[in-house]
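Have a look at the structure below before the remarks.
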There are 2 protein chains.
Amino acid sequence: MNLTGRNIIGFETFSEGNVAIQAINPASGATLAPLYYQATIDELQYAVEKAMKAFQIFRKKSGREKAAFLEDIANEIENLGDLLIERYISESGLPQGRAIGERGRTTAQLRLFAQLLKEGSWVNARIDKALPERQPAPRPDLRSIEKPLGVVGIFGASNFPLAFSVAGGDTASALAAGCPVIFKAHPAHLGTSELVGKAIQKAAAATNMPDGVFSLLFDAGHDIGTALVQHPDIKAIGFTGSFKGGKALFNLAMNRKEPIPVYAEMGSVNPVFVLPDIAEKKYSEIAQQYLASVALGVGQFCTNPGMLVVQKNDSFVKTLEELSTDLQGGTMLTGGIFENYTKGVQQSKQYASVIGIGKKPISLNSVEPIIFKTTAIDLAANPHLGEEIFGPTSLVVEVESKEQMMTFAESLEGHLTATVHGTEKDFEEYESLLTILEQKVGRILLNGFPTGVEVSHAMVHGGPFPATTDARSTSVGTMAITRFTRPICYQNFPDNLLPDELKSSNPLNIWRLVDGNFEK
Amino acid sequence: MNLTGRNIIGFETFSEGNVAIQAINPASGATLAPLYYQATIDELQYAVEKAMKAFQIFRKKSGREKAAFLEDIANEIENLGDLLIERYISESGLPQGRAIGERGRTTAQLRLFAQLLKEGSWVNARIDKALPERQPAPRPDLRSIEKPLGVVGIFGASNFPLAFSVAGGDTASALAAGCPVIFKAHPAHLGTSELVGKAIQKAAAATNMPDGVFSLLFDAGHDIGTALVQHPDIKAIGFTGSFKGGKALFNLAMNRKEPIPVYAEMGSVNPVFVLPDIAEKKYSEIAQQYLASVALGVGQFCTNPGMLVVQKNDSFVKTLEELSTDLQGGTMLTGGIFENYTKGVQQSKQYASVIGIGKKPISLNSVEPIIFKTTAIDLAANPHLGEEIFGPTSLVVEVESKEQMMTFAESLEGHLTATVHGTEKDFEEYESLLTILEQKVGRILLNGFPTGVEVSHAMVHGGPFPATTDARSTSVGTMAITRFTRPICYQNFPDNLLPDELKSSNPLNIWRLVDGNFEK
């Protein structure tokens, strides 16, 4: 397959625009062919019109039909073979193992949603049977299920060129829900985006999906993204990226004539708390795992542990100092991310002490891991120290007492995750810390590290503002499907006019809440 | 019980303010004692502080404990006896039968949420068991459930002094979810609000709920409501009322430093479509039921059928003309609603013909039902004709063809409900109308009328903007509980630190999604 630089609009491609961008290999600085043409407003309009028409067909596709589509996307991504992996590596600076792992995550994610669709109970079917004899008034027959919202706009993230991009979690859940997707490619991985976009286009045609169920648009700046969020026919937005970007899209969406849901995942410091008993007994093991988590993927994960809170413990700090010299840095995803990291680290150096520096490979846009240390009191005086620096750095915050640790936990804003390391004895003494932390995050972990976000049924990858703009949802895992749906109730419908999910005979054999009882 | 005019803040009452209002009997114009004192900003602050403390206790109450609270609220409302019914009547102008019926709806609603809590499966418990042997990496143990958002602010509606007010649907679902409630009373039924507020206060004390789990504040204008929405410790808003009011609160909430969910139900025209075959065969019956639905409760329902669309049918129009002379009008809820109705009807008279006028009782703020008629073409030229006029009026829209009916349906904005009357033959021919309409509303009904909103599991009382600010939710029925929750995931928690809903032995015997399978 040759890369073309053209926008994908349903089963067609276009490049009518005259603003072009190119991907850059962050490790070498080389520009990567071809030129990618920013979509024109007309092209966006055409994509939305196609998507609107496609929605009328797509929303009626059965779970099995949509599952076949998602499974075929996974197959087509695999069929791209080394071409995809090589382009991924050259655009991201990430190593081959990561590329292959992330491809596996992406296809597994698509297949998990396919499985969810084939099983079918996700629609939350509810039936309250008619009670014609009820006094003082009869009850009508009422049946409800979740139905797709409409055409969804999704923005690719820089840091997962596959798993949070063109065929990533938001696209998988939106398509699974029955929503056509218009995807705004991230400029950092244009070729990877086109390859995956082509895979989706091919799968859509092969599985008899309507023209327009998926489009992929390129944008040199913010023109197309802004127009996408403001388009009156777009009914929801998915986004993973910076607070600044996510909040700007959120504001645009809320100021539309018709406000729409925005699921922006915007960053998180993911505090890790190490309790006294375990800090004494296992500081060396924790230090090792912590540093590995900080440096993983050159620290470019939403769940990177950006902060570790511990009662003053010199052995722990000493171990961190020793071990961090072995930590590997690497090339960052883009020149912009590199610059922000460098700037953030420089700022931190003014207020916190450096207790560990890892290795930096000799290549462009390359950084070393850095571990800082401060105290809770100093952090309170310099709160910007606690803000996320995207990359392989973390801040150890020493507290003087249990009370100071609790106060610090209370002061936290919303994050994606919080982690607590402790022994049984620790948890007995610090149970209230868990209570505080679960009110701050979407996921709370014990004795682990937050990097590594399982794609499963129970996963919550979300959390209170400012981690996301909508804590009621997750961007990873099967629960994400309902971010793109709303319930619709059918009153007194004869069986033949009801969706299959609600027909009296339960032809799809799904779990349903019938008069308040779960039944199959 | 004596009415005091004092704000209820947890287990205390206060009236430190100096702005006072009084309820008015809309049928007589008489002011009703006592004076009600607008809460001060300090009182609001105190209510929020109490609620924040209460949240830490309340969020840990078991389903059974919260159920006992809700059931006791229902009992205490019943214990208010005639006092409540009399005050309701004098404040609303509504008849005794309606007062008693609405009280029954309110207590049944509380008891249904209690039942939901006792059954317990609503929390959407999900367990993905650890897979320590999995390659290439083990899977941790992941468990998630819905947990309460925090302190919720709720605004009472004018038109249901009980069922959508102090102990109405939003309060019931928020308390069921585990969220303390700060309620802003509607000025049209101050005494009814205080009585029900006292019932909640009493029930909270009797069932060992924390001080501050519920507060009731009075507001002469918008000061307290505005401050409530803007208070940083408020985590969600429930509202039922006008578009103007709801959208203003939505904008306030979105412009907070931390935006919060706003569930504003803001109005709806609830279009009714009558298809040709049934219009020919059953026009008389439909006309009768339609008029009854328009006039019910002096037309002051969110689901009042404000528009009926039919292919030109002189017999139907003639029947409407004849039957409407028997229709009863009545006193409107407030002088303001009366004035808006009168003004709206005057405006409609300039653009649409009156085809039916009902009776008007001789009392203050009293109106007669009025049925207007226009054509789809005239309506397109005068679109304001299609806007909601709150009260016993409705607009018959004649279309010339099936195509015109479809085009008209396509042009609709979001509404709470849409209704279609048809025979089997009609539905065969007009199935695509149902497809269009379900994309416009939260509930679609066949051969019925939208007034009468069941409180049940499958009910959806919501719909796309501008009917509400969040179509993903319902304000009536048990699904409403999740508007005040968000999912939290627990990773690698030992059993003793997990909520009971997620413990391995399933001590509450609830339905859970375990490794993707529903189990009990």
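Order determines the names: the first chain of the structure tokens is A, the second B, and so forth; residues in each chain are numbered 1 upward, and ligands are numbered 1 upward as they are shown.
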
Would you list the contacts of Thr107 (chain A) as a compact mmCIF listing (two decimals) with N, CA and C atoms, in the first residue's frame, taking every protein, DNA or RNA residue within 10 Å and counting only C-alpha atoms, but skipping same-chain residues closer than 6 positions in sequence?
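File written: around.txt
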# COMPACT_ATOMS: atom_id res chain seq x y z
N LEU A 70 -15.77 -4.61 13.10
CA LEU A 70 -14.65 -4.37 14.02
C LEU A 70 -13.58 -5.46 13.89
N GLU A 71 -14.03 -6.69 13.76
CA GLU A 71 -13.05 -7.79 13.63
C GLU A 71 -12.26 -7.64 12.32
N ASP A 72 -12.95 -7.20 11.30
CA ASP A 72 -12.25 -7.03 10.02
C ASP A 72 -11.26 -5.86 10.08
N ILE A 73 -11.61 -4.83 10.84
CA ILE A 73 -10.63 -3.74 11.03
C ILE A 73 -9.37 -4.32 11.68
N ALA A 74 -9.56 -5.13 12.71
CA ALA A 74 -8.41 -5.74 13.39
C ALA A 74 -7.58 -6.57 12.41
N ASN A 75 -8.27 -7.36 11.59
CA ASN A 75 -7.55 -8.17 10.60
C ASN A 75 -6.78 -7.30 9.62
N GLU A 76 -7.43 -6.26 9.14
CA GLU A 76 -6.78 -5.39 8.15
C GLU A 76 -5.58 -4.66 8.75
N ILE A 77 -5.66 -4.33 10.02
CA ILE A 77 -4.51 -3.70 10.68
C ILE A 77 -3.36 -4.70 10.73
N GLU A 78 -3.68 -5.93 11.06
CA GLU A 78 -2.62 -6.96 11.07
C GLU A 78 -2.06 -7.17 9.66
N LEU A 162 -1.42 4.07 17.79
CA LEU A 162 -2.40 3.06 17.40
C LEU A 162 -3.55 2.97 18.42
N ALA A 163 -3.24 2.72 19.68
CA ALA A 163 -4.28 2.35 20.65
C ALA A 163 -5.19 3.51 21.05
N ALA A 167 -7.81 3.85 14.99
CA ALA A 167 -8.67 2.71 15.32
C ALA A 167 -8.55 2.39 16.80
N GLY A 168 -8.36 3.41 17.60
CA GLY A 168 -8.16 3.23 19.03
C GLY A 168 -9.47 3.08 19.80
N ALA A 172 -13.26 2.54 18.41
CA ALA A 172 -13.85 1.21 18.60
C ALA A 172 -15.18 1.32 19.34

Return as a PyMOL selection string the full set of residues in region 210-454 of chain A whose backbone-based DSSP assignment is helix (DSSP H, G or I). chain A and resi 223-230+243-254+276-299+314-324+335-351+376-381+383-386+402-411+424-429+431-438

Within 7 Å of region 187-194 of chain A using only C-alpha atoms, minus same-chain residues under 5 positions, as a PDB file with all heavy atoms, in the first residue's frame:
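Heads up, here's the output in out_9.pdb:
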ATOM      1  N   LEU A   3       1.391   5.232   0.605  1.00  0.00           N
ATOM      2  CA  LEU A   3       0.826   6.378   1.310  1.00  0.00           C
ATOM      3  C   LEU A   3       0.536   7.476   0.295  1.00  0.00           C
ATOM      4  O   LEU A   3       1.321   7.701  -0.635  1.00  0.00           O
ATOM      5  CB  LEU A   3       1.809   6.869   2.366  1.00  0.00           C
ATOM      6  CG  LEU A   3       2.027   5.881   3.523  1.00  0.00           C
ATOM      7  CD1 LEU A   3       3.133   6.379   4.442  1.00  0.00           C
ATOM      8  CD2 LEU A   3       0.737   5.678   4.303  1.00  0.00           C
ATOM      9  N   ALA A  23       4.973  14.400   8.282  1.00  0.00           N
ATOM     10  CA  ALA A  23       5.430  13.802   9.528  1.00  0.00           C
ATOM     11  C   ALA A  23       6.941  13.961   9.620  1.00  0.00           C
ATOM     12  O   ALA A  23       7.626  14.096   8.597  1.00  0.00           O
ATOM     13  CB  ALA A  23       5.044  12.334   9.573  1.00  0.00           C
ATOM     14  N   LEU A  84       3.236  -1.030   8.612  1.00  0.00           N
ATOM     15  CA  LEU A  84       2.677  -0.243   9.709  1.00  0.00           C
ATOM     16  C   LEU A  84       3.703  -0.085  10.831  1.00  0.00           C
ATOM     17  O   LEU A  84       3.897   1.018  11.359  1.00  0.00           O
ATOM     18  CB  LEU A  84       1.404  -0.917  10.241  1.00  0.00           C
ATOM     19  CG  LEU A  84       0.732  -0.214  11.434  1.00  0.00           C
ATOM     20  CD1 LEU A  84       0.184   1.156  11.030  1.00  0.00           C
ATOM     21  CD2 LEU A  84      -0.404  -1.077  12.001  1.00  0.00           C
ATOM     22  N   ARG A  87       6.494   2.340   9.822  1.00  0.00           N
ATOM     23  CA  ARG A  87       6.047   3.740   9.807  1.00  0.00           C
ATOM     24  C   ARG A  87       5.819   4.242  11.230  1.00  0.00           C
ATOM     25  O   ARG A  87       6.174   5.386  11.554  1.00  0.00           O
ATOM     26  CB  ARG A  87       4.759   3.852   8.970  1.00  0.00           C
ATOM     27  CG  ARG A  87       4.230   5.264   8.837  1.00  0.00           C
ATOM     28  CD  ARG A  87       5.013   6.083   7.802  1.00  0.00           C
ATOM     29  NE  ARG A  87       4.657   7.500   7.849  1.00  0.00           N
ATOM     30  CZ  ARG A  87       4.996   8.395   6.930  1.00  0.00           C
ATOM     31  NH1 ARG A  87       5.718   8.042   5.878  1.00  0.00           N
ATOM     32  NH2 ARG A  87       4.637   9.640   7.043  1.00  0.00           N
ATOM     33  N   TYR A  88       5.207   3.412  12.056  1.00  0.00           N
ATOM     34  CA  TYR A  88       4.985   3.748  13.468  1.00  0.00           C
ATOM     35  C   TYR A  88       6.302   4.134  14.128  1.00  0.00           C
ATOM     36  O   TYR A  88       6.415   5.172  14.803  1.00  0.00           O
ATOM     37  CB  TYR A  88       4.357   2.537  14.161  1.00  0.00           C
ATOM     38  CG  TYR A  88       4.163   2.630  15.654  1.00  0.00           C
ATOM     39  CD1 TYR A  88       2.886   2.760  16.204  1.00  0.00           C
ATOM     40  CD2 TYR A  88       5.245   2.554  16.535  1.00  0.00           C
ATOM     41  CE1 TYR A  88       2.693   2.820  17.580  1.00  0.00           C
ATOM     42  CE2 TYR A  88       5.065   2.619  17.911  1.00  0.00           C
ATOM     43  CZ  TYR A  88       3.788   2.739  18.424  1.00  0.00           C
ATOM     44  OH  TYR A  88       3.614   2.799  19.785  1.00  0.00           O
ATOM     45  N   GLU A  91       7.784   7.435  12.815  1.00  0.00           N
ATOM     46  CA  GLU A  91       7.031   8.642  13.195  1.00  0.00           C
ATOM     47  C   GLU A  91       7.055   8.924  14.691  1.00  0.00           C
ATOM     48  O   GLU A  91       6.850  10.067  15.105  1.00  0.00           O
ATOM     49  CB  GLU A  91       5.573   8.538  12.722  1.00  0.00           C
ATOM     50  CG  GLU A  91       5.438   8.672  11.212  1.00  0.00           C
ATOM     51  CD  GLU A  91       3.989   8.700  10.741  1.00  0.00           C
ATOM     52  OE1 GLU A  91       3.129   8.054  11.379  1.00  0.00           O
ATOM     53  OE2 GLU A  91       3.718   9.358   9.726  1.00  0.00           O
ATOM     54  N   SER A  92       7.240   7.892  15.498  1.00  0.00           N
ATOM     55  CA  SER A  92       7.096   8.067  16.952  1.00  0.00           C
ATOM     56  C   SER A  92       8.414   8.028  17.703  1.00  0.00           C
ATOM     57  O   SER A  92       8.480   8.465  18.861  1.00  0.00           O
ATOM     58  CB  SER A  92       6.201   6.974  17.516  1.00  0.00           C
ATOM     59  OG  SER A  92       6.858   5.714  17.422  1.00  0.00           O
ATOM     60  N   SER A 158      -1.264  11.954  20.724  1.00  0.00           N
ATOM     61  CA  SER A 158       0.114  11.854  20.242  1.00  0.00           C
ATOM     62  C   SER A 158       0.804  10.592  20.731  1.00  0.00           C
ATOM     63  O   SER A 158       1.642  10.024  20.042  1.00  0.00           O
ATOM     64  CB  SER A 158       0.922  13.065  20.724  1.00  0.00           C
ATOM     65  OG  SER A 158       1.023  13.052  22.140  1.00  0.00           O
ATOM     66  N   PRO A 161       0.076   6.040  18.962  1.00  0.00           N
ATOM     67  CA  PRO A 161      -0.265   6.207  17.546  1.00  0.00           C
ATOM     68  C   PRO A 161      -1.236   5.139  17.038  1.00  0.00           C
ATOM     69  O   PRO A 161      -1.836   5.309  15.973  1.00  0.00           O
ATOM     70  CB  PRO A 161       1.090   6.090  16.842  1.00  0.00           C
ATOM     71  CG  PRO A 161       2.107   6.442  17.892  1.00  0.00           C
ATOM     72  CD  PRO A 161       1.540   5.937  19.173  1.00  0.00           C
ATOM     73  N   VAL A 166      -6.378   6.357  15.393  1.00  0.00           N
ATOM     74  CA  VAL A 166      -7.401   6.181  14.353  1.00  0.00           C
ATOM     75  C   VAL A 166      -8.348   4.996  14.611  1.00  0.00           C
ATOM     76  O   VAL A 166      -9.556   5.118  14.434  1.00  0.00           O
ATOM     77  CB  VAL A 166      -6.723   6.068  12.970  1.00  0.00           C
ATOM     78  CG1 VAL A 166      -7.749   5.889  11.876  1.00  0.00           C
ATOM     79  CG2 VAL A 166      -5.901   7.331  12.707  1.00  0.00           C
ATOM     80  N   ALA A 220      -3.466  20.763   9.687  1.00  0.00           N
ATOM     81  CA  ALA A 220      -2.132  21.285  10.000  1.00  0.00           C
ATOM     82  C   ALA A 220      -2.124  22.012  11.339  1.00  0.00           C
ATOM     83  O   ALA A 220      -1.118  22.050  12.040  1.00  0.00           O
ATOM     84  CB  ALA A 220      -1.678  22.236   8.898  1.00  0.00           C
ATOM     85  N   THR A 334       7.651  13.915  19.799  1.00  0.00           N
ATOM     86  CA  THR A 334       7.730  15.044  18.870  1.00  0.00           C
ATOM     87  C   THR A 334       8.682  16.082  19.446  1.00  0.00           C
ATOM     88  O   THR A 334       8.959  16.095  20.660  1.00  0.00           O
ATOM     89  CB  THR A 334       6.359  15.751  18.682  1.00  0.00           C
ATOM     90  OG1 THR A 334       6.004  16.402  19.906  1.00  0.00           O
ATOM     91  CG2 THR A 334       5.255  14.783  18.291  1.00  0.00           C
TER      92      THR A 334
END

Using DSSP assignments from the backbone, pull out every residue in region 8-160 of chain B that falls under strand (DSSP E) and give it to me as an MDAnalysis selection string. chainID B and resid 8:9 12:14 20:24 31:37 126:128 142:148 151:155

Selection near Pro276 (chain A), 9 Å with only C-alpha atoms, sequence-local residues under 6 positions removed, as a tab-separated table (two decimals) with C-alpha atoms, in the first residue's frame:
chain	number	residue	atom	x	y	z
A	310	VAL	CA	6.24	8.94	51.29
A	311	GLN	CA	7.16	9.69	54.86
A	313	ASN	CA	12.81	7.66	54.33
A	422	GLY	CA	1.21	-0.85	51.91
A	423	THR	CA	1.27	-3.92	54.09
A	426	ASP	CA	-0.43	-0.10	56.76

Find the residues near Ser173 (chain B): any atom within 9 Å, counting only C-alpha atoms, skip ones fewer than 2 places away on the same chain, and give them as a ChimeraX atom specification. /B:110,113,168-171,175-179,475-484

Mind dumping the selected residues with N, CA, C and O atoms as a short mmCIF file (atom, residue, chain, number, x, y, z; two decimals), in the first residue's frame?
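Here's the written file part_15.cif:
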data_model
loop_
_atom_site.label_atom_id
_atom_site.label_comp_id
_atom_site.auth_asym_id
_atom_site.auth_seq_id
_atom_site.Cartn_x
_atom_site.Cartn_y
_atom_site.Cartn_z
N LEU B 110 -40.20 7.13 45.81
CA LEU B 110 -39.21 6.93 46.87
C LEU B 110 -39.10 5.44 47.20
O LEU B 110 -38.01 4.91 47.39
N PHE B 113 -37.18 3.47 44.49
CA PHE B 113 -35.72 3.61 44.65
C PHE B 113 -35.23 2.79 45.86
O PHE B 113 -34.14 2.21 45.83
N GLY B 168 -38.88 14.91 45.23
CA GLY B 168 -39.24 14.38 43.92
C GLY B 168 -38.17 13.47 43.33
O GLY B 168 -37.27 13.00 44.04
N GLY B 169 -38.29 13.27 42.04
CA GLY B 169 -37.43 12.31 41.36
C GLY B 169 -35.94 12.58 41.52
O GLY B 169 -35.17 11.67 41.81
N ASP B 170 -35.52 13.84 41.33
CA ASP B 170 -34.09 14.14 41.41
C ASP B 170 -33.56 13.92 42.82
O ASP B 170 -32.46 13.40 43.01
N THR B 171 -34.34 14.32 43.82
CA THR B 171 -33.90 14.11 45.21
C THR B 171 -33.83 12.62 45.51
O THR B 171 -32.85 12.14 46.10
N LEU B 175 -30.28 10.93 46.50
CA LEU B 175 -30.10 10.29 47.81
C LEU B 175 -29.85 8.79 47.63
O LEU B 175 -29.00 8.21 48.30
N ALA B 176 -30.58 8.17 46.73
CA ALA B 176 -30.37 6.74 46.48
C ALA B 176 -28.93 6.48 46.04
O ALA B 176 -28.29 5.51 46.45
N ALA B 177 -28.40 7.39 45.22
CA ALA B 177 -27.02 7.23 44.73
C ALA B 177 -25.99 7.42 45.84
O ALA B 177 -24.86 6.99 45.71
N GLY B 178 -26.41 8.09 46.92
CA GLY B 178 -25.48 8.34 48.01
C GLY B 178 -24.98 9.78 48.05
O GLY B 178 -23.98 10.08 48.69
N CYS B 179 -25.69 10.67 47.36
CA CYS B 179 -25.30 12.09 47.30
C CYS B 179 -26.16 12.93 48.24
O CYS B 179 -27.39 12.92 48.10
N SER B 475 -34.95 11.76 33.97
CA SER B 475 -35.27 12.32 35.29
C SER B 475 -36.37 11.54 35.99
O SER B 475 -36.72 11.85 37.11
N VAL B 476 -36.93 10.55 35.32
CA VAL B 476 -37.97 9.71 35.94
C VAL B 476 -37.58 8.25 35.75
O VAL B 476 -37.14 7.86 34.67
N GLY B 477 -37.78 7.46 36.78
CA GLY B 477 -37.50 6.03 36.70
C GLY B 477 -36.17 5.68 37.32
O GLY B 477 -35.33 6.56 37.58
N THR B 478 -35.93 4.40 37.51
CA THR B 478 -34.76 3.97 38.29
C THR B 478 -33.44 4.22 37.58
O THR B 478 -32.40 4.30 38.23
N MET B 479 -33.46 4.35 36.26
CA MET B 479 -32.21 4.63 35.54
C MET B 479 -31.62 5.97 35.97
O MET B 479 -30.43 6.23 35.76
N ALA B 480 -32.46 6.84 36.56
CA ALA B 480 -32.01 8.16 36.98
C ALA B 480 -30.92 8.10 38.04
O ALA B 480 -30.18 9.06 38.23
N ILE B 481 -30.77 6.99 38.72
CA ILE B 481 -29.79 6.92 39.81
C ILE B 481 -28.37 7.15 39.31
O ILE B 481 -27.55 7.78 39.97
N THR B 482 -28.08 6.72 38.07
CA THR B 482 -26.70 6.85 37.59
C THR B 482 -26.38 8.26 37.10
O THR B 482 -25.23 8.54 36.75
N ARG B 483 -27.36 9.18 37.09
CA ARG B 483 -26.98 10.55 36.73
C ARG B 483 -26.12 11.17 37.84
O ARG B 483 -25.43 12.14 37.60
N PHE B 484 -26.18 10.60 39.02
CA PHE B 484 -25.42 11.16 40.14
C PHE B 484 -24.29 10.24 40.59
O PHE B 484 -23.86 10.29 41.74
#

Tell me, as a ChimeraX atom specification, which residues lie within 12 Å of Gly221 (chain A), counting only C-alpha atoms; anything in the same chain fewer than 3 positions away does not count. /A:19-21,37-39,184-188,217-218,224-227,245

Please produce an output containing N, CA and C atoms for each residue in the selection, written as a PDB file, in the first residue's frame.
ATOM      1  N   VAL A  19      -2.969  23.445   2.072  1.00  0.00           N
ATOM      2  CA  VAL A  19      -2.079  23.496   3.231  1.00  0.00           C
ATOM      3  C   VAL A  19      -1.565  22.081   3.454  1.00  0.00           C
ATOM      4  N   ALA A  20      -0.253  21.944   3.408  1.00  0.00           N
ATOM      5  CA  ALA A  20       0.297  20.593   3.527  1.00  0.00           C
ATOM      6  C   ALA A  20       1.202  20.482   4.743  1.00  0.00           C
ATOM      7  N   ILE A  21       1.199  19.304   5.345  1.00  0.00           N
ATOM      8  CA  ILE A  21       2.124  19.028   6.448  1.00  0.00           C
ATOM      9  C   ILE A  21       2.806  17.691   6.182  1.00  0.00           C
ATOM     10  N   TYR A  37      -2.363  16.633   3.028  1.00  0.00           N
ATOM     11  CA  TYR A  37      -3.114  17.853   2.748  1.00  0.00           C
ATOM     12  C   TYR A  37      -4.210  18.068   3.770  1.00  0.00           C
ATOM     13  N   GLN A  38      -4.125  19.186   4.443  1.00  0.00           N
ATOM     14  CA  GLN A  38      -5.191  19.543   5.388  1.00  0.00           C
ATOM     15  C   GLN A  38      -6.528  19.515   4.670  1.00  0.00           C
ATOM     16  N   ALA A  39      -7.524  18.930   5.319  1.00  0.00           N
ATOM     17  CA  ALA A  39      -8.860  18.884   4.723  1.00  0.00           C
ATOM     18  C   ALA A  39      -9.383  20.298   4.548  1.00  0.00           C
ATOM     19  N   LYS A 184     -10.016  13.107  13.406  1.00  0.00           N
ATOM     20  CA  LYS A 184      -9.013  14.143  13.119  1.00  0.00           C
ATOM     21  C   LYS A 184      -7.660  13.542  13.478  1.00  0.00           C
ATOM     22  N   ALA A 185      -6.833  13.294  12.453  1.00  0.00           N
ATOM     23  CA  ALA A 185      -5.543  12.632  12.674  1.00  0.00           C
ATOM     24  C   ALA A 185      -4.602  13.507  13.483  1.00  0.00           C
ATOM     25  N   HIS A 186      -3.779  12.884  14.314  1.00  0.00           N
ATOM     26  CA  HIS A 186      -2.746  13.646  15.020  1.00  0.00           C
ATOM     27  C   HIS A 186      -1.582  13.897  14.068  1.00  0.00           C
ATOM     28  N   PRO A 187      -1.097  15.156  13.992  1.00  0.00           N
ATOM     29  CA  PRO A 187      -0.037  15.474  13.023  1.00  0.00           C
ATOM     30  C   PRO A 187       1.280  14.739  13.282  1.00  0.00           C
ATOM     31  N   ALA A 188       1.438  14.166  14.478  1.00  0.00           N
ATOM     32  CA  ALA A 188       2.702  13.494  14.777  1.00  0.00           C
ATOM     33  C   ALA A 188       2.814  12.122  14.116  1.00  0.00           C
ATOM     34  N   LEU A 217      -9.560  12.821   8.567  1.00  0.00           N
ATOM     35  CA  LEU A 217      -9.188  14.137   8.043  1.00  0.00           C
ATOM     36  C   LEU A 217      -7.881  14.608   8.664  1.00  0.00           C
ATOM     37  N   PHE A 218      -7.073  15.271   7.850  1.00  0.00           N
ATOM     38  CA  PHE A 218      -5.804  15.836   8.319  1.00  0.00           C
ATOM     39  C   PHE A 218      -5.970  17.325   8.574  1.00  0.00           C
ATOM     40  N   ILE A 224      -9.589  22.453  11.189  1.00  0.00           N
ATOM     41  CA  ILE A 224     -10.536  21.366  10.945  1.00  0.00           C
ATOM     42  C   ILE A 224     -11.080  20.807  12.259  1.00  0.00           C
ATOM     43  N   GLY A 225     -10.217  20.717  13.248  1.00  0.00           N
ATOM     44  CA  GLY A 225     -10.669  20.252  14.560  1.00  0.00           C
ATOM     45  C   GLY A 225     -11.746  21.162  15.124  1.00  0.00           C
ATOM     46  N   THR A 226     -11.535  22.463  15.021  1.00  0.00           N
ATOM     47  CA  THR A 226     -12.508  23.433  15.522  1.00  0.00           C
ATOM     48  C   THR A 226     -13.826  23.312  14.760  1.00  0.00           C
ATOM     49  N   ALA A 227     -13.726  23.252  13.446  1.00  0.00           N
ATOM     50  CA  ALA A 227     -14.944  23.149  12.630  1.00  0.00           C
ATOM     51  C   ALA A 227     -15.682  21.839  12.903  1.00  0.00           C
ATOM     52  N   GLY A 245      -5.670  21.696  25.231  1.00  0.00           N
ATOM     53  CA  GLY A 245      -6.408  21.294  24.040  1.00  0.00           C
ATOM     54  C   GLY A 245      -7.799  20.776  24.376  1.00  0.00           C
TER      55      GLY A 245
END

Excluding Leu327 (chain A) and its own-chain neighbours fewer than 5 positions away, which residues fall within 12 Å of it when counting only C-alpha atoms? Please give them as a count of residues only. 29
